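K.L.:
What follows is a structure written as structure tokens; I'll ask about it next.
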2 protein chains.
Amino acid sequence: MVSIDDVARRAGVSTATVSRALSGRGPVSAASRERVLLAADELGYVVSSRASSLASGRTGSVGLIVPYLDRWFFSTVLAGASYTLMQHGFDVTLYSITDNADERRNVFTHALRRQRVDGLIVVSLELAATETAALRALGMPVVAMGGKHPQLESLTVDQAGLAAVATQHLIDIGHRHIGHIGAGAEFDTDFQIPSQRRAAVEETVAACTGAHVVHEPGDFTVDGGRAATHRLLETQSPEAPRITGIVADSDEMAIGALLAANDRGLHVPTDLSVIGIDGHPLGEVFGLTTVDQFARQQGMQAAQHVLDRLDPAAALPPHCHERIPELLPTTLVVRQSTTAPRQ
Amino acid sequence: MVSIDDVARRAGVSTATVSRALSGRGPVSAASRERVLLAADELGYVVSSRASSLASGRTGSVGLIVPYLDRWFFSTVLAGASYTLMQHGFDVTLYSITDNADERRNVFTHALRRQRVDGLIVVSLELAATETAALRALGMPVVAMGGKHPQLESLTVDQAGLAAVATQHLIDIGHRHIGHIGAGAEFDTDFQIPSQRRAAVEETVAACTGAHVVHEPGDFTVDGGRAATHRLLETQSPEAPRITGIVADSDEMAIGALLAANDRGLHVPTDLSVIGIDGHPLGEVFGLTTVDQFARQQGMQAAQHVLDRLDPAAALPPHCHERIPELLPTTLVVRQSTTAPRQ
DNA sequence: TTGAAAGCGCTAACAA
DNA sequence: TTGTTAGCGCTTTCAA
């Protein structure tokens, strides 16, 4: 293994100069730098992160704490975050949270405390008070995504706003009898997102039409959305006005709604309009109207915020971009699954 | 930051004993061990991976080299691998490969050489000779997934067999005129999987029916599969026998085929049978017959193999499980998208 | 702008 | 079974 001494010898300088030249920290003459870079290149030398991190206290790595690695939203956020981190020369360490309580605890009490990372991104995970405390005790930058977190810097999407925009779209194009597919309280582990959205749908409809909204849980899967839609359309009493539009809390559930409509011989959008929330790539395939929340960009932004905290000097000045924006942007994407209801 | 000295003092032993007790390496009396564990627990001490890895040469981390973090197959493999690694107390470091050639090169020339991991898993990535050489030069266990790789231990699925099983299923239930949705040569970057499967479909059909197979590329997306199916059914000359069954190289493309059938007013499976390859969760929703290749288990196995290499003593003896099985298992899952063709 | 040298916090050889 | 101690390969003061 070629070491810093080899490089120093070849470049005819001290190891201190090599270190300074390669890290960019501290003064080095242009001539020295050039010879060091050349020597390092010729020898194929790469700084050992083991030794470097012990001596400097910096690891050059950022951790991502993620539940459900194999679900679209999370893997997309992960892709965005890791892209930005790699661009800046950082490595990415993954801490995946499972349903097992012991394993989860172990992440906070042990794994995260091994000094392997310089900063952390918590992806859409509601934290217990002890967990938040554990993160703060690490003494490193932590950015939480997905919901407002009083004790941590958080990057949040306006969950209620998202649901309100989707609902408003249906109302704008003429719908008055709207059904909602969300999730039960068991999904409230993540920042009460289901209940926030549910309330927003209800309020939006109530404010504009005075009508009542029927809710059905769909547990964030295509199949759940399909079943929920069937329940929504079946359980209507004969004298109740027919539901003409459905708001689903995720695109996957909305796709389930499209399948259910097909199952029942209903034509979308003329018999039934459906709008989702997410910006899932499958939405395009199905012509699904949705409110895009830009998952990949969320990951990139979270990464950028951690990087800014790690090197405030390199961060853009505050007037160039909000350091932590109050709320992330979302956009209504109208495709073919929504239209005015039939008279 | 509480250090090993604090623990040693509190437990009334030397730092060497603390190290031995906590790592499980080297002899420690039961009494000493107990006092060390207690002291460490009381102080909330966790070994610094920085210092530990510099001194021992072990990092306690395994790297995963992955393209396309946000695609189902890769994120599922990642979930499986990271699960097994965490179970064994290892951290996971992510190296994501992008289409950018400079960034890709940088992973092999720099990122992987920082001594941050003890072993590596390469997920379905065809490697250039220089890249393979770079990995071997790292001097650590490397397990490659997805295709036979002459220079690396590899965990492979029988790509041709997978396609043959799918094709055989259609033939077994009576189909004679079969179409195939694969991918163009531009997807051959990953171990020639598309061409292997294409050849297998062709040979299976030829051997059993003597018929000719029409191929259309679908680029592994739902939309691509849908378009390919339309082409497949449109371009048939009037006198050619009607295609009654379609083999798709991925479940996502197969779902596209289902959508195309629906577009054209064809009923699946009576007018058209469709079989995919993967075991994608959406397949269940669509009632898709498929050949499951157990992506999550592939990830878990790859992780287990790296762990076995890192600690041969802890590995199961060879007669209990193949250390590197020749081929991973796959299973035909028959659902509702295939049936005998109409007479 | 440079180099000498003292650690960073732990592990492992060695001696007891 | 235990403790002493010399590193592991860098970074960073400090003095020049």
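Chain identifiers are assigned as A, B, and so on, following the order in which chains appear in the structure tokens; residues are numbered from 1 within each chain, and ligands are numbered from 1 in order of appearance.
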Which residues in segment 253-336 of chain A does DSSP call alpha helix (DSSP H)? List them as a PyMOL selection string.

P.N.:
chain A and resi 253-263+281-285+295-310

K.L.:
Write out as JSON, numbers by chain every residue belonging to chain B that has an atom at most 10 Å from any atom of chain D, counting only C-alpha atoms (C1' of nucleotides).

P.N.:
{"B": [13, 14, 15, 16, 17, 26, 27, 28, 29, 32, 51, 52, 53, 54, 55, 56, 57]}

K.L.:
Could the residues in this selection be saved with N, CA and C atoms as a CSV table (one decimal), in the first residue's frame?

P.N.:
chain,number,residue,atom,x,y,z
B,13,VAL,N,-9.6,-2.4,34.5
B,13,VAL,CA,-8.7,-3.3,33.7
B,13,VAL,C,-8.0,-2.4,32.7
B,14,SER,N,-7.1,-3.0,31.9
B,14,SER,CA,-6.4,-2.3,30.9
B,14,SER,C,-7.2,-2.0,29.7
B,15,THR,N,-6.7,-1.1,28.9
B,15,THR,CA,-7.5,-0.9,27.6
B,15,THR,C,-7.4,-2.1,26.7
B,16,ALA,N,-6.4,-2.9,26.8
B,16,ALA,CA,-6.3,-4.1,26.0
B,16,ALA,C,-7.4,-5.0,26.3
B,17,THR,N,-7.7,-5.2,27.6
B,17,THR,CA,-8.7,-6.1,28.0
B,17,THR,C,-10.1,-5.5,27.6
B,26,GLY,N,-9.5,-12.6,21.2
B,26,GLY,CA,-8.5,-12.8,22.3
B,26,GLY,C,-9.2,-13.2,23.6
B,27,PRO,N,-8.5,-13.8,24.5
B,27,PRO,CA,-9.0,-14.3,25.7
B,27,PRO,C,-9.4,-13.2,26.8
B,28,VAL,N,-10.5,-13.4,27.4
B,28,VAL,CA,-10.9,-12.5,28.5
B,28,VAL,C,-11.7,-13.4,29.5
B,29,SER,N,-11.4,-13.2,30.8
B,29,SER,CA,-12.2,-14.0,31.7
B,29,SER,C,-13.6,-13.5,31.8
B,32,SER,N,-14.0,-10.4,33.9
B,32,SER,CA,-13.5,-9.2,33.3
B,32,SER,C,-14.5,-8.7,32.2
B,51,ALA,N,-10.8,4.9,14.8
B,51,ALA,CA,-9.6,4.5,15.5
B,51,ALA,C,-9.4,3.0,15.3
B,52,SER,N,-10.5,2.3,15.5
B,52,SER,CA,-10.5,0.8,15.4
B,52,SER,C,-10.0,0.4,14.1
B,53,SER,N,-10.5,1.0,13.0
B,53,SER,CA,-10.1,0.5,11.7
B,53,SER,C,-8.7,0.8,11.4
B,54,LEU,N,-8.2,2.0,11.9
B,54,LEU,CA,-6.8,2.3,11.6
B,54,LEU,C,-5.9,1.3,12.3
B,55,ALA,N,-6.2,0.9,13.5
B,55,ALA,CA,-5.4,0.0,14.3
B,55,ALA,C,-5.5,-1.5,13.8
B,56,SER,N,-6.7,-1.8,13.4
B,56,SER,CA,-7.0,-3.3,13.1
B,56,SER,C,-6.9,-3.6,11.6
B,57,GLY,N,-7.2,-2.6,10.8
B,57,GLY,CA,-7.3,-2.8,9.4
B,57,GLY,C,-8.7,-3.3,8.9

K.L.:
Please report as a Markdown table every residue of chain C lying within 8 Å of chain A, along with the nearest atom pair and their distance in Å (one decimal), using only C-alpha atoms (C1' of nucleotides).

P.N.:
| residue | atom | partner | partner_atom | distance |
| --- | --- | --- | --- | --- |
| C:DT1 | C1' | A:Val28 | CA | 6.3 |
| C:DT2 | C1' | A:Thr17 | CA | 7.3 |
| C:DG3 | C1' | A:Ser14 | CA | 6.1 |
| C:DC8 | C1' | A:Ala55 | CA | 4.5 |
| C:DG9 | C1' | A:Leu54 | CA | 7.7 |

K.L.:
Restricting it to C-alpha atoms (C1' of nucleotides), dump the selection as an mmCIF file, in the first residue's frame.

P.N.:
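In the end it all went to again.cif:
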data_model
loop_
_atom_site.group_PDB
_atom_site.id
_atom_site.type_symbol
_atom_site.label_atom_id
_atom_site.label_comp_id
_atom_site.auth_asym_id
_atom_site.auth_seq_id
_atom_site.Cartn_x
_atom_site.Cartn_y
_atom_site.Cartn_z
ATOM 1 C "C1'" DT C 1 5.493 28.547 2.577
ATOM 2 C "C1'" DT C 2 7.619 24.663 4.789
ATOM 3 C "C1'" DG C 3 9.038 20.683 7.991
ATOM 4 C "C1'" DC C 8 -5.921 11.073 16.858
ATOM 5 C "C1'" DG C 9 -8.128 6.343 19.836
#

K.L.:
Show me which bits of chain A are within 6 Å of chain B, counting only C-alpha atoms, as a list in words.

P.N.:
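Going by the stated atoms only, the list reads Ser48, Ser49, Arg50, Ala51, Leu54, Leu69, Asp70, Ser75, Thr76, Ala79, Val92, Thr93, Leu94, Arg114, Gln115, Asp223 and Val285 of chain A.
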
K.L.:
Just to be explicit: take each residue in the selection above, keep N, CA and C atoms, and write the result as a tab-separated table (two decimals), in the first residue's frame.

P.N.:
chain	number	residue	atom	x	y	z
A	48	SER	N	-5.92	7.39	2.76
A	48	SER	CA	-6.68	6.40	3.50
A	48	SER	C	-7.68	7.11	4.41
A	49	SER	N	-8.96	6.82	4.21
A	49	SER	CA	-9.95	7.51	5.03
A	49	SER	C	-9.84	7.08	6.49
A	50	ARG	N	-9.33	5.89	6.70
A	50	ARG	CA	-9.11	5.42	8.08
A	50	ARG	C	-8.21	6.38	8.84
A	51	ALA	N	-7.03	6.55	8.28
A	51	ALA	CA	-6.03	7.37	8.96
A	51	ALA	C	-6.43	8.83	8.95
A	54	LEU	N	-9.16	9.59	11.47
A	54	LEU	CA	-8.72	9.56	12.87
A	54	LEU	C	-7.95	10.84	13.21
A	69	LEU	N	-36.21	0.59	2.07
A	69	LEU	CA	-35.30	0.87	0.95
A	69	LEU	C	-35.92	0.54	-0.40
A	70	ASP	N	-36.85	-0.43	-0.41
A	70	ASP	CA	-37.35	-0.89	-1.70
A	70	ASP	C	-38.68	-0.25	-2.10
A	75	SER	N	-36.43	5.05	-2.27
A	75	SER	CA	-35.27	4.77	-3.11
A	75	SER	C	-35.00	5.96	-4.04
A	76	THR	N	-36.04	6.70	-4.37
A	76	THR	CA	-35.84	7.86	-5.23
A	76	THR	C	-35.15	8.99	-4.46
A	79	ALA	N	-31.59	8.01	-4.17
A	79	ALA	CA	-30.85	8.23	-5.41
A	79	ALA	C	-30.46	9.71	-5.54
A	92	VAL	N	-21.39	7.64	0.91
A	92	VAL	CA	-22.73	7.52	1.49
A	92	VAL	C	-22.80	6.25	2.34
A	93	THR	N	-23.22	6.40	3.56
A	93	THR	CA	-23.41	5.23	4.41
A	93	THR	C	-24.90	5.09	4.71
A	94	LEU	N	-25.37	3.86	4.60
A	94	LEU	CA	-26.79	3.61	4.69
A	94	LEU	C	-27.15	3.02	6.05
A	114	ARG	N	-20.69	5.20	15.93
A	114	ARG	CA	-19.34	4.71	15.64
A	114	ARG	C	-18.44	5.73	14.96
A	115	GLN	N	-18.89	6.94	14.81
A	115	GLN	CA	-18.08	7.99	14.19
A	115	GLN	C	-17.73	7.67	12.76
A	223	ASP	N	-52.60	-2.32	-4.68
A	223	ASP	CA	-53.68	-3.22	-4.33
A	223	ASP	C	-54.61	-2.60	-3.29
A	285	VAL	N	-47.38	6.51	-17.36
A	285	VAL	CA	-47.85	5.37	-18.16
A	285	VAL	C	-49.37	5.27	-18.13

K.L.:
For atom CA of Gly161 of chain B and atom CA of Glu234 of chain B, quote the distance in Å rounded to one decimal.

P.N.:
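Result for atom CA of Gly161 of chain B versus atom CA of Glu234 of chain B: 29.1 Å, one decimal.
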
K.L.:
Tell me, in Å to one decimal, how far atom CA of Phe108 of chain B is from atom CA of Glu153 of chain B.

P.N.:
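Interatomic distance, atom CA of Phe108 of chain B to atom CA of Glu153 of chain B: 18.0 Å.
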
K.L.:
Can you list, as a PyMOL selection string, every protein, DNA or RNA residue that comes within 6 Å of Ile277 of chain B when you count only C-alpha atoms (C1' of nucleotides), leaving out same-chain residues fewer than 4 positions away?

P.N.:
chain B and resi 249-251+290-291

K.L.:
Using N, CA and C atoms, can you write the selected residues to a file as an mmCIF file, in the first residue's frame?

P.N.:
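That gives us out.cif:
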data_model
loop_
_atom_site.group_PDB
_atom_site.id
_atom_site.type_symbol
_atom_site.label_atom_id
_atom_site.label_comp_id
_atom_site.auth_asym_id
_atom_site.auth_seq_id
_atom_site.Cartn_x
_atom_site.Cartn_y
_atom_site.Cartn_z
ATOM 1 N N ASP B 249 -39.159 -9.884 -21.020
ATOM 2 C CA ASP B 249 -37.944 -10.074 -20.227
ATOM 3 C C ASP B 249 -38.014 -9.451 -18.839
ATOM 4 N N SER B 250 -39.053 -8.678 -18.575
ATOM 5 C CA SER B 250 -39.215 -8.159 -17.218
ATOM 6 C C SER B 250 -40.687 -8.020 -16.919
ATOM 7 N N ASP B 251 -41.027 -8.033 -15.653
ATOM 8 C CA ASP B 251 -42.432 -7.894 -15.276
ATOM 9 C C ASP B 251 -42.976 -6.532 -15.666
ATOM 10 N N THR B 290 -45.374 -15.158 -13.992
ATOM 11 C CA THR B 290 -43.985 -14.709 -14.108
ATOM 12 C C THR B 290 -43.023 -15.794 -13.655
ATOM 13 N N VAL B 291 -41.746 -15.598 -13.933
ATOM 14 C CA VAL B 291 -40.715 -16.446 -13.362
ATOM 15 C C VAL B 291 -39.967 -15.585 -12.340
#

K.L.:
Quick one, how far is atom CA of His175 of chain A from atom CA of Asn262 of chain B?

P.N.:
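Going from atom CA of His175 of chain A over to atom CA of Asn262 of chain B covers 27.5 Å.
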
K.L.:
If you run DSSP on the backbone here, which positions in segment 144-311 of chain A get strand (DSSP E or B)? Please write them as a list in words.

P.N.:
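DSSP on the backbone gives strand (DSSP E or B) at Ala144, Met145, Glu153, Ser154, Leu155, Val157, Ile178, Gly179, His180, Ile181, Gly182, Val214, His215, Glu216, Pro217, Gly245, Ile246, Val247, Ala248, Ser273, Val274, Ile275, Gly276, Ile277, Asp278, Thr289, Thr290, Val291 and Asp292 of chain A.
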
K.L.:
Near segment 123-126 of chain A, within 10 Å and counting only C-alpha atoms (C1' of nucleotides), which residues show up once chain neighbours fewer than 5 positions away are dropped, as an MDAnalysis selection string?

P.N.:
chainID A and resid 64:67 73:74 77:78 97 131:132 143:149 155:156 188:193 298:299 302

K.L.:
Next, the residues of the selection above should be written as an mmCIF file, in the first residue's frame with N, CA and C atoms.

P.N.:
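Produced file part-v7.cif, reproduced below:
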data_model
loop_
_atom_site.group_PDB
_atom_site.id
_atom_site.type_symbol
_atom_site.label_atom_id
_atom_site.label_comp_id
_atom_site.auth_asym_id
_atom_site.auth_seq_id
_atom_site.Cartn_x
_atom_site.Cartn_y
_atom_site.Cartn_z
ATOM 1 N N LEU A 64 -27.355 8.121 5.623
ATOM 2 C CA LEU A 64 -28.777 8.258 5.332
ATOM 3 C C LEU A 64 -29.546 7.232 6.147
ATOM 4 N N ILE A 65 -30.485 7.720 6.928
ATOM 5 C CA ILE A 65 -31.320 6.825 7.724
ATOM 6 C C ILE A 65 -32.637 6.665 6.977
ATOM 7 N N VAL A 66 -32.907 5.451 6.527
ATOM 8 C CA VAL A 66 -34.018 5.223 5.606
ATOM 9 C C VAL A 66 -34.857 4.009 6.002
ATOM 10 N N PRO A 67 -36.166 4.131 6.019
ATOM 11 C CA PRO A 67 -37.006 2.948 6.180
ATOM 12 C C PRO A 67 -37.372 2.482 4.778
ATOM 13 N N PHE A 73 -40.708 5.933 -3.174
ATOM 14 C CA PHE A 73 -40.372 7.249 -2.644
ATOM 15 C C PHE A 73 -39.001 7.254 -1.983
ATOM 16 N N PHE A 74 -38.738 6.253 -1.188
ATOM 17 C CA PHE A 74 -37.495 6.224 -0.439
ATOM 18 C C PHE A 74 -36.288 5.965 -1.327
ATOM 19 N N VAL A 77 -35.584 9.195 -3.233
ATOM 20 C CA VAL A 77 -34.918 10.184 -2.393
ATOM 21 C C VAL A 77 -33.446 9.789 -2.211
ATOM 22 N N LEU A 78 -33.237 8.526 -1.956
ATOM 23 C CA LEU A 78 -31.885 8.012 -1.773
ATOM 24 C C LEU A 78 -31.030 8.266 -3.007
ATOM 25 N N ILE A 97 -33.689 1.299 8.553
ATOM 26 C CA ILE A 97 -34.507 1.049 9.733
ATOM 27 C C ILE A 97 -35.535 -0.012 9.389
ATOM 28 N N GLU A 131 -34.903 9.105 20.374
ATOM 29 C CA GLU A 131 -34.136 8.991 19.137
ATOM 30 C C GLU A 131 -33.641 10.357 18.681
ATOM 31 N N THR A 132 -34.522 11.346 18.778
ATOM 32 C CA THR A 132 -34.100 12.695 18.430
ATOM 33 C C THR A 132 -32.956 13.126 19.323
ATOM 34 N N VAL A 143 -30.245 16.564 9.090
ATOM 35 C CA VAL A 143 -31.378 17.149 8.382
ATOM 36 C C VAL A 143 -32.466 16.091 8.287
ATOM 37 N N ALA A 144 -33.650 16.444 8.747
ATOM 38 C CA ALA A 144 -34.766 15.505 8.691
ATOM 39 C C ALA A 144 -35.683 15.867 7.539
ATOM 40 N N MET A 145 -36.134 14.859 6.811
ATOM 41 C CA MET A 145 -37.040 15.108 5.704
ATOM 42 C C MET A 145 -38.413 14.540 6.015
ATOM 43 N N GLY A 146 -39.427 15.166 5.466
ATOM 44 C CA GLY A 146 -40.733 14.533 5.473
ATOM 45 C C GLY A 146 -41.747 15.168 6.389
ATOM 46 N N GLY A 147 -41.319 15.787 7.439
ATOM 47 C CA GLY A 147 -42.287 16.410 8.320
ATOM 48 C C GLY A 147 -41.583 17.395 9.217
ATOM 49 N N LYS A 148 -42.332 18.307 9.764
ATOM 50 C CA LYS A 148 -41.769 19.318 10.648
ATOM 51 C C LYS A 148 -41.270 18.616 11.898
ATOM 52 N N HIS A 149 -40.015 18.848 12.225
ATOM 53 C CA HIS A 149 -39.510 18.260 13.441
ATOM 54 C C HIS A 149 -38.918 19.339 14.329
ATOM 55 N N LEU A 155 -36.700 19.507 6.387
ATOM 56 C CA LEU A 155 -37.029 19.846 5.018
ATOM 57 C C LEU A 155 -38.410 19.256 4.811
ATOM 58 N N THR A 156 -39.414 20.109 4.747
ATOM 59 C CA THR A 156 -40.750 19.532 4.717
ATOM 60 C C THR A 156 -41.559 19.924 3.506
ATOM 61 N N ASP A 188 -49.520 6.587 10.574
ATOM 62 C CA ASP A 188 -49.212 7.905 11.104
ATOM 63 C C ASP A 188 -47.834 7.959 11.749
ATOM 64 N N THR A 189 -47.139 6.846 11.727
ATOM 65 C CA THR A 189 -45.788 6.854 12.286
ATOM 66 C C THR A 189 -44.926 7.891 11.598
ATOM 67 N N ASP A 190 -45.268 8.209 10.355
ATOM 68 C CA ASP A 190 -44.469 9.193 9.651
ATOM 69 C C ASP A 190 -45.119 10.565 9.675
ATOM 70 N N PHE A 191 -44.918 11.280 10.756
ATOM 71 C CA PHE A 191 -45.328 12.683 10.835
ATOM 72 C C PHE A 191 -46.805 12.931 10.580
ATOM 73 N N GLN A 192 -47.658 11.974 10.931
ATOM 74 C CA GLN A 192 -49.090 12.218 10.755
ATOM 75 C C GLN A 192 -49.457 12.624 9.338
ATOM 76 N N ILE A 193 -48.676 12.184 8.385
ATOM 77 C CA ILE A 193 -48.978 12.575 7.017
ATOM 78 C C ILE A 193 -50.388 12.143 6.604
ATOM 79 N N GLN A 298 -35.982 16.343 -3.584
ATOM 80 C CA GLN A 298 -35.976 16.416 -2.115
ATOM 81 C C GLN A 298 -34.693 15.810 -1.574
ATOM 82 N N GLY A 299 -34.295 14.682 -2.127
ATOM 83 C CA GLY A 299 -33.067 14.044 -1.681
ATOM 84 C C GLY A 299 -31.851 14.907 -1.964
ATOM 85 N N ALA A 302 -31.777 17.831 0.510
ATOM 86 C CA ALA A 302 -31.372 17.425 1.859
ATOM 87 C C ALA A 302 -29.864 17.255 1.893
#
